[in-house]
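File shown: coords.txt (compact mmCIF, C-alpha atoms (C1' of nucleotides)).
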```txt
# COMPACT_ATOMS: atom_id res chain seq x y z
CA MET T 1 73.31 107.05 100.88
CA VAL T 2 76.58 107.60 102.69
CA LEU T 3 78.09 111.06 102.45
CA GLY T 4 81.80 111.61 101.99
CA ARG T 5 83.07 113.20 105.17
CA VAL T 6 83.83 116.88 105.59
CA VAL T 7 86.43 117.41 108.30
CA MET T 8 87.92 120.66 109.56
CA LEU T 9 90.93 121.43 111.71
CA ALA T 10 90.68 124.73 113.55
CA ASP T 11 93.96 126.03 114.93
CA PHE T 12 94.23 129.32 116.81
CA ASP T 13 97.04 131.60 115.70
CA TYR T 14 100.01 132.15 118.09
CA PHE T 15 97.54 131.32 120.84
CA PHE T 16 99.15 132.43 124.11
CA ALA T 17 100.47 135.65 122.61
CA GLN T 18 97.13 136.35 120.93
CA CYS T 19 95.40 135.94 124.28
CA GLU T 20 97.73 138.61 125.67
CA GLU T 21 96.78 140.90 122.77
CA LEU T 22 93.16 140.28 123.62
CA ARG T 23 93.72 141.30 127.20
CA ASN T 24 95.61 144.42 126.18
CA PRO T 25 94.90 145.51 122.58
CA LEU T 26 97.34 148.44 122.89
CA ILE T 27 100.30 146.07 122.50
CA LYS T 28 99.07 144.60 119.23
CA ASP T 29 101.62 146.37 117.03
CA LYS T 30 104.57 145.36 119.20
CA PRO T 31 106.60 142.18 119.35
CA ILE T 32 105.01 139.98 122.04
CA VAL T 33 106.80 137.14 123.77
CA VAL T 34 105.16 134.74 126.22
CA GLY T 35 107.68 132.72 128.18
CA VAL T 36 108.17 130.35 131.08
CA TYR T 37 110.46 131.87 133.69
CA SER T 38 112.34 129.34 135.80
CA GLY T 39 113.03 131.85 138.57
CA ARG T 40 116.74 131.09 138.71
CA THR T 41 117.85 134.44 137.40
CA GLU T 42 115.97 137.45 136.05
CA ASP T 43 115.79 136.16 132.47
CA SER T 44 116.25 132.44 132.97
CA GLY T 45 113.59 130.59 131.00
CA ALA T 46 112.35 129.78 127.52
CA VAL T 47 109.93 131.24 124.99
CA SER T 48 106.59 129.49 124.83
CA THR T 49 104.97 131.47 122.00
CA SER T 50 105.47 134.79 120.26
CA ASN T 51 103.38 136.85 117.86
CA TYR T 52 104.37 137.16 114.21
CA ILE T 53 106.09 140.52 114.73
CA ALA T 54 108.42 138.91 117.26
CA ARG T 55 108.90 135.93 114.93
CA SER T 56 110.21 138.26 112.24
CA TYR T 57 113.12 138.90 114.65
CA GLY T 58 113.78 135.18 114.91
CA VAL T 59 112.02 134.89 118.25
CA LYS T 60 110.16 131.59 118.26
CA SER T 61 108.99 128.95 120.65
CA GLY T 62 111.72 127.10 122.53
CA ILE T 63 114.53 129.65 122.41
CA PRO T 64 116.00 131.00 125.69
CA ILE T 65 114.43 134.24 126.93
CA PHE T 66 117.79 136.02 127.12
CA LEU T 67 118.25 135.33 123.42
CA ALA T 68 114.78 136.67 122.64
CA LYS T 69 115.65 139.84 124.57
CA ARG T 70 118.89 140.21 122.67
CA ASN T 71 117.15 139.78 119.30
CA LEU T 72 114.52 142.32 120.25
CA GLU T 73 116.89 144.90 121.70
CA GLY T 74 115.92 148.41 120.63
CA THR T 75 112.30 147.46 119.86
CA ASP T 76 109.27 148.09 122.07
CA ALA T 77 108.82 144.35 122.66
CA VAL T 78 106.73 143.20 125.60
CA PHE T 79 107.38 140.02 127.60
CA PHE T 80 104.83 138.04 129.62
CA PRO T 81 105.02 134.99 131.86
CA VAL T 82 102.56 132.28 130.81
CA ASP T 83 99.17 132.64 132.44
CA HIS T 84 97.79 129.21 131.81
CA ASP T 85 94.53 129.70 133.72
CA TYR T 86 93.65 132.71 131.57
CA TYR T 87 94.46 130.92 128.30
CA GLN T 88 92.41 127.95 129.47
CA GLN T 89 89.39 130.17 130.09
CA ILE T 90 89.66 131.59 126.56
CA SER T 91 90.14 128.08 125.20
CA ASP T 92 87.00 126.84 126.97
CA ARG T 93 85.00 129.68 125.41
CA VAL T 94 86.20 129.15 121.86
CA MET T 95 85.89 125.36 122.03
CA GLN T 96 82.33 125.78 123.25
CA ILE T 97 81.55 127.98 120.23
CA LEU T 98 83.26 125.60 117.81
CA SER T 99 81.28 122.67 119.17
CA THR T 100 78.02 124.34 118.14
CA TYR T 101 79.10 124.12 114.50
CA ALA T 102 79.91 120.40 114.41
CA SER T 103 78.39 116.99 114.98
CA SER T 104 81.50 116.05 116.88
CA LEU T 105 84.50 117.98 118.13
CA GLU T 106 87.87 116.46 118.95
CA GLN T 107 90.10 118.79 120.91
CA VAL T 108 93.76 117.94 120.31
CA SER T 109 95.35 120.67 122.41
CA ILE T 110 94.51 123.92 124.18
CA ASP T 111 94.22 125.73 120.84
CA GLU T 112 93.39 123.08 118.24
CA ALA T 113 90.34 120.96 117.41
CA TYR T 114 88.91 118.78 114.65
CA LEU T 115 85.29 119.27 113.63
CA ASP T 116 83.17 116.77 111.75
CA VAL T 117 80.73 118.89 109.74
CA THR T 118 79.62 116.24 107.26
CA SER T 119 75.93 116.40 108.05
CA GLN T 120 75.91 120.21 108.32
CA MET T 121 77.46 120.39 104.84
CA GLU T 122 75.53 117.50 103.33
CA GLY T 123 78.88 116.52 101.90
CA ASN T 124 79.14 119.75 99.88
CA PHE T 125 82.64 121.22 99.91
CA GLU T 126 81.62 124.51 98.31
CA LYS T 127 79.38 125.14 101.27
CA ALA T 128 82.17 124.17 103.63
CA TYR T 129 84.32 127.10 102.60
CA ILE T 130 81.55 129.60 103.37
CA TYR T 131 80.80 127.74 106.58
CA ALA T 132 84.42 128.04 107.75
CA GLN T 133 84.42 131.77 106.95
CA LYS T 134 81.33 132.07 109.10
CA ILE T 135 82.99 130.21 111.98
CA LYS T 136 86.07 132.42 111.76
CA GLN T 137 83.93 135.55 111.69
CA ASP T 138 81.84 134.37 114.63
CA ILE T 139 84.90 133.72 116.79
CA LYS T 140 86.37 137.05 115.75
CA THR T 141 83.18 138.87 116.75
CA GLN T 142 82.36 136.96 119.90
CA VAL T 143 85.84 136.48 121.31
CA GLY T 144 88.20 138.58 119.20
CA LEU T 145 90.64 135.86 118.14
CA SER T 146 91.86 134.79 114.72
CA LEU T 147 92.33 131.20 113.71
CA THR T 148 93.42 129.08 110.78
CA VAL T 149 91.18 126.42 109.28
CA GLY T 150 92.00 123.46 107.06
CA ILE T 151 89.20 121.52 105.39
CA GLY T 152 89.48 118.08 103.87
CA PRO T 153 87.78 114.70 103.44
CA ASN T 154 89.47 113.41 106.63
CA LYS T 155 91.67 114.46 109.56
CA LEU T 156 94.92 113.76 107.74
CA VAL T 157 94.14 116.09 104.83
CA ALA T 158 92.51 118.73 107.05
CA LYS T 159 95.65 118.89 109.17
CA ILE T 160 98.03 119.33 106.27
CA ALA T 161 95.67 121.83 104.63
CA CYS T 162 95.65 123.81 107.85
CA ASP T 163 99.45 123.86 108.05
CA SER T 164 99.75 125.13 104.50
CA GLN T 165 98.66 128.70 105.15
CA LYS T 166 98.94 130.59 108.46
CA PRO T 167 98.00 132.82 110.22
CA ASP T 168 94.32 133.66 109.72
CA GLY T 169 94.26 131.10 106.92
CA LEU T 170 91.54 129.06 105.29
CA THR T 171 92.51 126.19 103.00
CA LEU T 172 90.08 123.80 101.42
CA VAL T 173 91.13 120.57 99.78
CA LYS T 174 88.36 118.74 97.95
CA PRO T 175 88.38 114.94 98.00
CA GLU T 176 89.19 114.79 94.30
CA ASP T 177 92.19 117.09 94.83
CA ALA T 178 93.53 115.41 97.97
CA THR T 179 96.16 113.13 96.45
CA LYS T 180 97.38 115.91 94.16
CA PHE T 181 97.62 118.20 97.18
CA LEU T 182 99.71 115.73 99.19
CA ALA T 183 101.85 114.52 96.27
CA PRO T 184 104.78 117.00 96.38
CA LEU T 185 105.11 117.07 100.18
CA PRO T 186 107.91 115.21 101.98
CA VAL T 187 106.80 111.95 103.63
CA ASP T 188 107.61 113.17 107.14
CA ARG T 189 104.58 115.43 106.97
CA LEU T 190 102.57 112.26 107.62
CA LEU T 191 101.79 111.26 111.17
CA GLY T 192 103.87 108.17 111.92
CA VAL T 193 106.89 109.20 109.89
CA GLY T 194 109.60 110.41 112.27
CA LYS T 195 113.34 110.79 111.69
CA LYS T 196 114.18 107.08 111.55
CA THR T 197 111.31 106.14 109.28
CA PHE T 198 112.10 109.13 107.07
CA THR T 199 115.66 107.90 106.62
CA ARG T 200 114.54 104.34 105.92
CA MET T 201 112.10 105.53 103.30
CA GLU T 202 114.75 107.79 101.79
CA GLN T 203 117.00 104.75 101.39
CA MET T 204 114.15 103.02 99.58
CA GLY T 205 113.98 105.92 97.15
CA ILE T 206 110.90 107.45 98.75
CA LYS T 207 111.06 111.14 99.56
CA THR T 208 107.68 112.57 98.61
CA ILE T 209 104.19 111.43 99.43
CA GLU T 210 103.63 110.80 95.73
CA GLU T 211 106.56 108.37 95.66
CA LEU T 212 105.18 106.64 98.75
CA SER T 213 101.72 106.37 97.19
CA LYS T 214 103.16 104.65 94.13
CA PHE T 215 105.37 102.28 96.08
CA ASP T 216 104.31 98.63 96.05
CA VAL T 217 102.15 97.89 99.10
CA GLN T 218 103.51 94.37 99.52
CA ARG T 219 107.04 95.75 99.73
CA LEU T 220 105.94 98.36 102.26
CA ILE T 221 104.37 95.60 104.34
CA ALA T 222 107.53 93.52 104.05
CA VAL T 223 109.61 96.39 105.43
CA PHE T 224 107.33 97.99 108.03
CA GLY T 225 104.96 95.16 108.96
CA LYS T 226 101.31 94.77 108.10
CA THR T 227 99.81 97.53 110.24
CA LEU T 228 102.34 100.25 109.49
CA GLY T 229 102.80 99.26 105.85
CA LEU T 230 99.09 99.48 105.15
CA TYR T 231 98.81 102.69 107.13
CA PHE T 232 101.59 104.36 105.11
CA HIS T 233 100.07 103.20 101.83
CA ASN T 234 96.64 104.56 102.74
CA ALA T 235 97.91 107.82 104.17
CA ALA T 236 99.96 108.55 101.06
CA ASN T 237 96.80 107.99 99.02
CA ALA T 238 94.91 110.47 101.25
CA ILE T 239 92.90 107.65 102.82
CA ASP T 240 92.27 108.09 106.53
CA ASN T 241 89.24 106.73 108.33
CA GLU T 242 90.10 107.97 111.82
CA PRO T 243 86.85 109.31 113.26
CA VAL T 244 86.50 112.74 114.82
CA ILE T 245 85.69 111.72 118.35
CA PHE T 246 85.54 113.45 121.67
CA ALA T 247 89.02 113.06 123.16
CA GLY T 248 89.03 111.72 126.67
CA GLU T 249 91.11 112.89 129.55
CA ALA T 250 94.89 113.16 129.42
CA GLU T 251 96.85 109.93 129.51
CA SER T 252 99.48 111.25 131.86
CA ILE T 253 99.87 113.96 134.47
CA SER T 254 103.29 115.40 135.18
CA LYS T 255 105.01 118.25 136.92
CA ILE T 256 108.48 119.54 136.12
CA GLY T 257 110.50 122.15 137.94
CA THR T 258 113.87 123.85 137.77
CA LEU T 259 116.07 123.53 140.84
CA LYS T 260 117.45 126.63 142.55
CA GLN T 261 120.91 125.11 142.22
CA ASP T 262 122.33 122.24 140.21
CA THR T 263 122.91 119.23 142.44
CA HIS T 264 123.60 115.51 142.63
CA ASP T 265 122.38 115.20 146.20
CA LEU T 266 119.51 112.74 146.73
CA THR T 267 118.03 114.60 149.69
CA LEU T 268 117.91 117.91 147.83
CA LEU T 269 116.43 116.27 144.75
CA LEU T 270 113.76 114.47 146.76
CA GLN T 271 112.90 117.70 148.52
CA LYS T 272 111.95 119.12 145.12
CA THR T 273 110.26 116.00 143.75
CA ASP T 274 108.18 115.69 146.92
CA GLU T 275 106.76 119.15 146.21
CA LEU T 276 106.07 118.14 142.62
CA THR T 277 104.49 114.88 143.77
CA GLU T 278 102.10 116.78 146.04
CA ILE T 279 100.85 118.80 143.07
CA VAL T 280 100.60 115.82 140.74
CA TYR T 281 98.84 113.78 143.41
CA LYS T 282 96.33 116.53 144.09
CA GLU T 283 95.29 116.58 140.45
CA VAL T 284 95.15 112.81 140.16
CA ALA T 285 93.06 112.57 143.33
CA GLU T 286 90.67 115.27 142.10
CA LYS T 287 90.09 113.31 138.93
CA ASN T 288 89.61 110.16 140.95
CA TYR T 289 92.22 108.23 138.96
CA SER T 290 94.18 105.17 139.86
CA PHE T 291 97.55 104.93 138.12
CA LYS T 292 99.95 102.16 137.24
CA THR T 293 103.16 103.84 136.01
CA ILE T 294 105.42 106.30 137.84
CA SER T 295 108.23 108.16 136.07
CA ILE T 296 110.97 110.59 136.92
CA TYR T 297 112.39 113.12 134.52
CA VAL T 298 115.83 114.66 134.77
CA VAL T 299 117.59 117.47 132.91
CA ASN T 300 121.30 117.55 133.57
CA VAL T 301 123.51 120.66 133.62
CA ASP T 302 124.36 119.94 129.99
CA LEU T 303 120.61 120.27 129.22
CA VAL T 304 120.39 116.64 128.13
CA SER T 305 117.20 115.07 129.45
CA LYS T 306 116.66 111.55 130.72
CA SER T 307 113.72 109.65 132.14
CA ARG T 308 113.16 106.48 134.14
CA SER T 309 109.94 104.73 135.02
CA VAL T 310 108.35 101.77 136.80
CA THR T 311 105.08 100.07 136.12
CA LEU T 312 103.42 98.58 139.19
CA GLU T 313 101.86 95.12 139.37
CA GLN T 314 98.61 96.71 140.43
CA SER T 315 97.26 100.18 139.94
CA THR T 316 97.15 102.36 143.02
CA ARG T 317 95.99 105.77 144.21
CA ASP T 318 98.45 106.13 147.05
CA LYS T 319 100.64 109.24 147.30
CA GLU T 320 103.27 107.46 149.35
CA VAL T 321 103.66 104.89 146.59
CA ILE T 322 104.63 107.71 144.23
CA LYS T 323 107.17 109.09 146.67
CA ARG T 324 108.68 105.66 147.44
CA ASN T 325 109.09 104.82 143.77
CA VAL T 326 110.45 108.24 142.88
CA ARG T 327 113.08 107.72 145.57
CA VAL T 328 114.05 104.30 144.24
CA LEU T 329 114.22 105.60 140.66
CA PHE T 330 116.47 108.47 141.73
CA GLU T 331 118.73 106.24 143.80
CA LYS T 332 119.27 104.10 140.72
CA TYR T 333 119.68 107.04 138.40
CA LEU T 334 122.23 108.82 140.60
CA ALA T 335 124.31 105.67 140.74
CA GLU T 336 124.40 105.61 136.92
CA SER T 337 125.13 109.27 136.28
CA SER T 338 127.56 111.61 138.00
CA LEU T 339 126.38 114.79 136.25
CA ASP T 340 124.75 117.52 138.30
CA ILE T 341 121.02 117.90 137.73
CA ARG T 342 119.29 121.14 136.71
CA ARG T 343 115.59 120.20 136.43
CA VAL T 344 113.50 117.33 137.75
CA GLY T 345 110.00 116.03 137.10
CA VAL T 346 107.45 113.49 138.32
CA LYS T 347 104.88 111.81 136.11
CA VAL T 348 102.08 109.29 136.64
CA SER T 349 100.26 107.48 133.86
CA GLY T 350 98.38 104.29 133.02
CA PHE T 351 95.14 105.60 134.46
CA SER T 352 91.95 103.82 135.36
CA LYS T 353 88.86 105.30 136.94
CA GLU T 354 88.06 102.30 139.09
CA GLN T 355 89.29 101.55 142.55
CA PRO T 356 92.62 99.74 142.42
CA GLN T 357 92.12 96.11 141.48
CA GLN T 358 91.99 93.71 144.34
CA LYS T 359 91.11 90.07 144.56
CA GLN T 360 87.39 90.00 145.02
CA LEU T 361 86.03 87.52 147.48
CA SER T 362 82.86 87.27 145.45
CA SER T 363 84.81 85.62 142.63
CA PHE T 364 85.54 82.75 144.98
CA PHE T 365 81.88 82.12 145.45
CA GLY T 366 80.70 83.02 141.97
C1' DG P 367 106.72 86.44 112.39
C1' DT P 368 103.42 89.72 113.83
C1' DA P 369 101.16 92.10 117.48
C1' DT P 370 101.30 94.19 121.87
C1' DG P 371 103.17 96.41 125.77
C1' DC P 372 106.74 98.76 128.19
C1' DT P 373 110.53 102.12 128.37
C1' DT P 374 113.00 106.06 126.78
C1' DT P 375 113.65 109.80 123.69
C1' DC P 376 111.94 113.19 120.40
C1' DG P 377 109.50 117.05 118.86
C1' DG P 378 105.53 120.49 118.72
C1' DC P 379 103.58 124.16 120.94
C1' DT R 380 131.74 133.34 125.44
C1' DT R 381 127.94 131.87 128.46
C1' DA R 382 123.33 131.98 129.19
C1' DC R 383 117.76 127.51 128.31
C1' DG R 384 110.47 125.63 130.32
C1' DG R 385 106.96 122.69 130.94
C1' DC R 386 103.88 119.65 129.24
C1' DC R 387 102.00 116.45 126.19
C1' DG R 388 101.58 112.62 122.74
C1' DA R 389 104.32 110.49 118.98
C1' DA R 390 108.20 107.78 117.65
C1' DA R 391 111.48 104.32 118.29
C1' DG R 392 113.53 100.37 120.21
C1' DC R 393 113.25 96.50 122.52
C1' DA R 394 111.08 92.30 125.17
C1' DT R 395 107.50 89.30 125.44
C1' DA R 396 103.06 87.31 124.03
C1' DC R 397 100.27 85.27 120.78
```
Written as structure tokens, how would this file's structure read?
Amino acid sequence: MVLGRVVMLADFDYFFAQCEELRNPLIKDKPIVVGVYSGRTEDSGAVSTSNYIARSYGVKSGIPIFLAKRNLEGTDAVFFPVDHDYYQQISDRVMQILSTYASSLEQVSIDEAYLDVTSQMEGNFEKAYIYAQKIKQDIKTQVGLSLTVGIGPNKLVAKIACDSQKPDGLTLVKPEDATKFLAPLPVDRLLGVGKKTFTRMEQMGIKTIEELSKFDVQRLIAVFGKTLGLYFHNAANAIDNEPVIFAGEAESISKIGTLKQDTHDLTLLLQKTDELTEIVYKEVAEKNYSFKTISIYVVNVDLVSKSRSVTLEQSTRDKEVIKRNVRVLFEKYLAESSLDIRRVGVKVSGFSKEQPQQKQLSSFFG
DNA sequence: GTATGCTTTCGGC
DNA sequence: TTACGGCCGAAAGCATAC
């Protein structure tokens, strides 16, 4: 007999800021802001995460640090630069604990993971609620962090359940309630529905997931193609068979940095990207990857970002190949755009573990 | 025509 | 009135392959 799946999404609350609270519990009642400082001026940078007290002042992820300071003027707010190594250590600990509760764990980011607990629950959703409370309590006791859990018959429902109540939340959606739960939500809550698709669906008279679920499949297929059309139809009907599987290594490695001064000068730009390349290369070499695609990333003075990339004929693991291609990409880019540049980045992707492909003599004789 | 792959942009955290 | 990170995968748009 095949059990219906029981899937959880565990998502740690305001993770970076909560880690700072953990390190220094005395600041818990204050607004906390964790930000990335570019080093250009005292307060140049952006907010990465803030606790809920800071959020009540409109201080949220992505806003400039100077704005956060202005909003929090007169409060006893505390500001921290991101300490990624520390957050990673905490993440490793909590993920390790979570993994003991599941048959499989799929980490989606530093603070988020899916758990397949079907066999632990024997398919029983009543048990799952108690089980999730136990997990939350265990993490609270062992590590001291709060998290939000969504439970559903698959990843899709678990994710949306999780989003529905934060922080320190626990939302359970039974299989028989799943379609009812999704019905009133706007279609862009579904993975795969971005701005363009949202607009297209809107024009077709589809705004809610319920409307999408009732829409004729054949017409969906006619508009979006077989794969996407079927996917949308299933998702809207709370059907999702994506397994919870151990997520492999990252698909790309990149490094971005803010320049001391805005510039359009190739030599100055390459000076910076060479530094970034060294760091990227070090990580790629440590992981023993070969890579096939090299990209540059540019943020102009107007804060508009652009990227350019090349894909090589053959994968390589050569640092000089990165530098050569970054140079060529920048030469081209600078000829196209006359704006001064504020930030630059280097990215490699298209990884393989093997040595770079080369014609093997043995194949001649095989 | 549909699927696949590559490039660029978008958006979440 | 200005001022503003870094990283990732998803989405979108196109070209080419099947």
| For chain P, which of T:Arg327, T:Lys60, T:Lys180, T:Lys140 is the closest residue, counting only C-alpha atoms (C1' of nucleotides)? |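 Among T:Arg327, T:Lys60, T:Lys180, T:Lys140, it is T:Lys60 that comes nearest to chain P.
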Would you list the contacts of range 367-373 of chain P as a short mmCIF file (atom, residue, chain, number, x, y, z; two decimals) with C-alpha atoms (C1' of nucleotides), in the coordinates of the input, taking every protein, DNA or RNA residue within 12 Å and counting all atoms listed in the file, but skipping same-chain residues closer than 2 positions in sequence?
```cif
data_model
loop_
_atom_site.label_atom_id
_atom_site.label_comp_id
_atom_site.auth_asym_id
_atom_site.auth_seq_id
_atom_site.Cartn_x
_atom_site.Cartn_y
_atom_site.Cartn_z
CA ILE T 221 104.37 95.60 104.34
CA ALA T 222 107.53 93.52 104.05
CA PHE T 224 107.33 97.99 108.03
CA GLY T 225 104.96 95.16 108.96
CA LYS T 226 101.31 94.77 108.10
CA THR T 227 99.81 97.53 110.24
CA LEU T 228 102.34 100.25 109.49
CA LYS T 292 99.95 102.16 137.24
CA THR T 293 103.16 103.84 136.01
CA ILE T 294 105.42 106.30 137.84
CA SER T 295 108.23 108.16 136.07
CA LYS T 306 116.66 111.55 130.72
CA SER T 307 113.72 109.65 132.14
CA ARG T 308 113.16 106.48 134.14
CA SER T 309 109.94 104.73 135.02
CA VAL T 310 108.35 101.77 136.80
CA THR T 311 105.08 100.07 136.12
CA LEU T 312 103.42 98.58 139.19
CA GLY T 350 98.38 104.29 133.02
"C1'" DT P 375 113.65 109.80 123.69
"C1'" DA R 391 111.48 104.32 118.29
"C1'" DG R 392 113.53 100.37 120.21
"C1'" DC R 393 113.25 96.50 122.52
"C1'" DA R 394 111.08 92.30 125.17
"C1'" DT R 395 107.50 89.30 125.44
"C1'" DA R 396 103.06 87.31 124.03
"C1'" DC R 397 100.27 85.27 120.78
#
```
With all atoms listed in the file as the counted atoms, please give the residues lying no more than 9 Å from Gln218 in chain T, apart from itself and same-chain residues fewer than 5 positions off, as a short mmCIF file (atom, residue, chain, number, x, y, z; two decimals) with C-alpha atoms, in the coordinates of the input.
```cif
data_model
loop_
_atom_site.label_atom_id
_atom_site.label_comp_id
_atom_site.auth_asym_id
_atom_site.auth_seq_id
_atom_site.Cartn_x
_atom_site.Cartn_y
_atom_site.Cartn_z
CA VAL T 223 109.61 96.39 105.43
CA LYS T 226 101.31 94.77 108.10
CA GLY T 229 102.80 99.26 105.85
CA LEU T 230 99.09 99.48 105.15
#
```
| request: In Å, rounded to a single decimal, give me how far CA of Thr258 in chain T is from CA of Asp92 in chain T. | output: 29.1 Å
Contact check, chain T to chain R, at most 6 Å, counting all atoms listed in the file, closest pairs as CSV:
```
residue,atom,partner,partner_atom,distance
T:Val36,CA,R:DG384,C1',5.3
T:Gly45,CA,R:DC383,C1',5.8
T:Ala46,CA,R:DG384,C1',5.3
T:Pro64,CA,R:DC383,C1',4.7
```
| Quick one, how far is CA of Thr197 in chain T from CA of Val298 in chain T? |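 Atom-to-atom, CA of Thr197 in chain T to CA of Val298 in chain T, that is 27.3 Å.
Minimum atom-to-atom distance to chain P, evaluated using only C-alpha atoms (C1' of nucleotides), belongs to T:Ile110 out of T:Ile110, T:Ile253, T:Val2, T:Val328.
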| task | Please indicate the distance in Å from CA of Val321 in chain T to CA of Ile279 in chain T, rounded to one decimal place. | result | 14.6 Å
| field | Non-local contacts of Arg70 in chain T (12 Å; all atoms listed in the file; under 6 positions in same chain excluded) as a list in words | value |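 That gives Asp43, Ala54, Tyr57, Gly58, Val59, Ile63, Pro64 and Ala77 of chain T; DA382 of chain R.
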| Could you pull the residues within 7 Å of Lys255 in chain T, counting all atoms listed in the file, minus those fewer than 2 positions along the same chain, as JSON, numbers by chain? | {"T": [257, 276, 280, 345, 346, 347]}
| task | Can you pull out every residue within 7 Å of Arg317 in chain T, counting all atoms listed in the file, but drop anything in the same chain fewer than 5 positions away, and send it as a list in words? | result | Tyr289, Ser290 and Phe291 of chain T
Please produce a file of the residues just selected, as a PDB file, keeping the file's coordinate frame, where the atoms kept are C-alpha atoms.
```pdb
ATOM      1  CA  TYR T 289      92.220 108.230 138.960  1.00  0.00           C
ATOM      2  CA  SER T 290      94.180 105.170 139.860  1.00  0.00           C
ATOM      3  CA  PHE T 291      97.550 104.930 138.120  1.00  0.00           C
TER       4      PHE T 291
END
```
Enclose the full set of atoms of range 381-396 of chain R listed in the file within a box whose edges lie along x, y and z, apply 3 Å of padding to each of the six sides, and report centre and edge lengths in Å to one decimal as JSON.
```
{"center_x": 114.8, "center_y": 109.6, "center_z": 124.3, "size_x": 32.4, "size_y": 50.7, "size_z": 19.3}
```
Would you please take range 252-301 of chain T of the structure in the block above and write C-alpha atoms to a file as a compact mmCIF listing (two decimals), in the first residue's frame?
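The resulting file, part.txt, is shown below:
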```txt
# COMPACT_ATOMS: atom_id res chain seq x y z
CA SER T 252 27.07 28.72 -10.25
CA ILE T 253 29.74 30.49 -8.24
CA SER T 254 30.02 34.25 -8.41
CA LYS T 255 31.64 37.19 -6.72
CA ILE T 256 30.42 40.77 -6.89
CA GLY T 257 32.07 43.89 -5.54
CA THR T 258 31.50 47.62 -5.36
CA LEU T 259 34.20 49.80 -6.89
CA LYS T 260 35.85 52.54 -4.82
CA GLN T 261 34.95 54.97 -7.58
CA ASP T 262 32.61 54.84 -10.54
CA THR T 263 34.57 54.33 -13.75
CA HIS T 264 34.45 53.42 -17.42
CA ASP T 265 38.15 52.58 -17.59
CA LEU T 266 38.95 49.02 -18.71
CA THR T 267 42.19 48.79 -16.73
CA LEU T 268 40.55 49.86 -13.48
CA LEU T 269 37.62 47.51 -14.03
CA LEU T 270 39.90 44.57 -14.79
CA GLN T 271 41.94 45.33 -11.70
CA LYS T 272 38.79 44.71 -9.66
CA THR T 273 37.51 41.72 -11.64
CA ASP T 274 40.93 40.06 -11.42
CA GLU T 275 40.61 40.16 -7.63
CA LEU T 276 37.11 38.72 -7.86
CA THR T 277 38.31 36.06 -10.31
CA GLU T 278 41.00 34.95 -7.85
CA ILE T 279 38.35 34.35 -5.18
CA VAL T 280 35.92 32.62 -7.54
CA TYR T 281 38.71 30.46 -8.95
CA LYS T 282 39.88 29.43 -5.50
CA GLU T 283 36.44 28.12 -4.64
CA VAL T 284 35.98 26.38 -7.97
CA ALA T 285 39.39 24.74 -7.68
CA GLU T 286 38.66 23.58 -4.12
CA LYS T 287 35.51 21.89 -5.31
CA ASN T 288 37.41 20.36 -8.19
CA TYR T 289 34.97 21.69 -10.79
CA SER T 290 35.41 22.27 -14.46
CA PHE T 291 33.20 25.02 -15.87
CA LYS T 292 31.83 25.92 -19.26
CA THR T 293 30.25 29.38 -18.92
CA ILE T 294 31.85 32.65 -17.82
CA SER T 295 29.80 35.77 -17.08
CA ILE T 296 30.37 39.34 -16.10
CA TYR T 297 27.94 41.43 -14.12
CA VAL T 298 27.76 45.21 -14.17
CA VAL T 299 25.82 47.76 -12.14
CA ASN T 300 25.94 51.22 -13.65
CA VAL T 301 25.84 54.52 -11.74
```
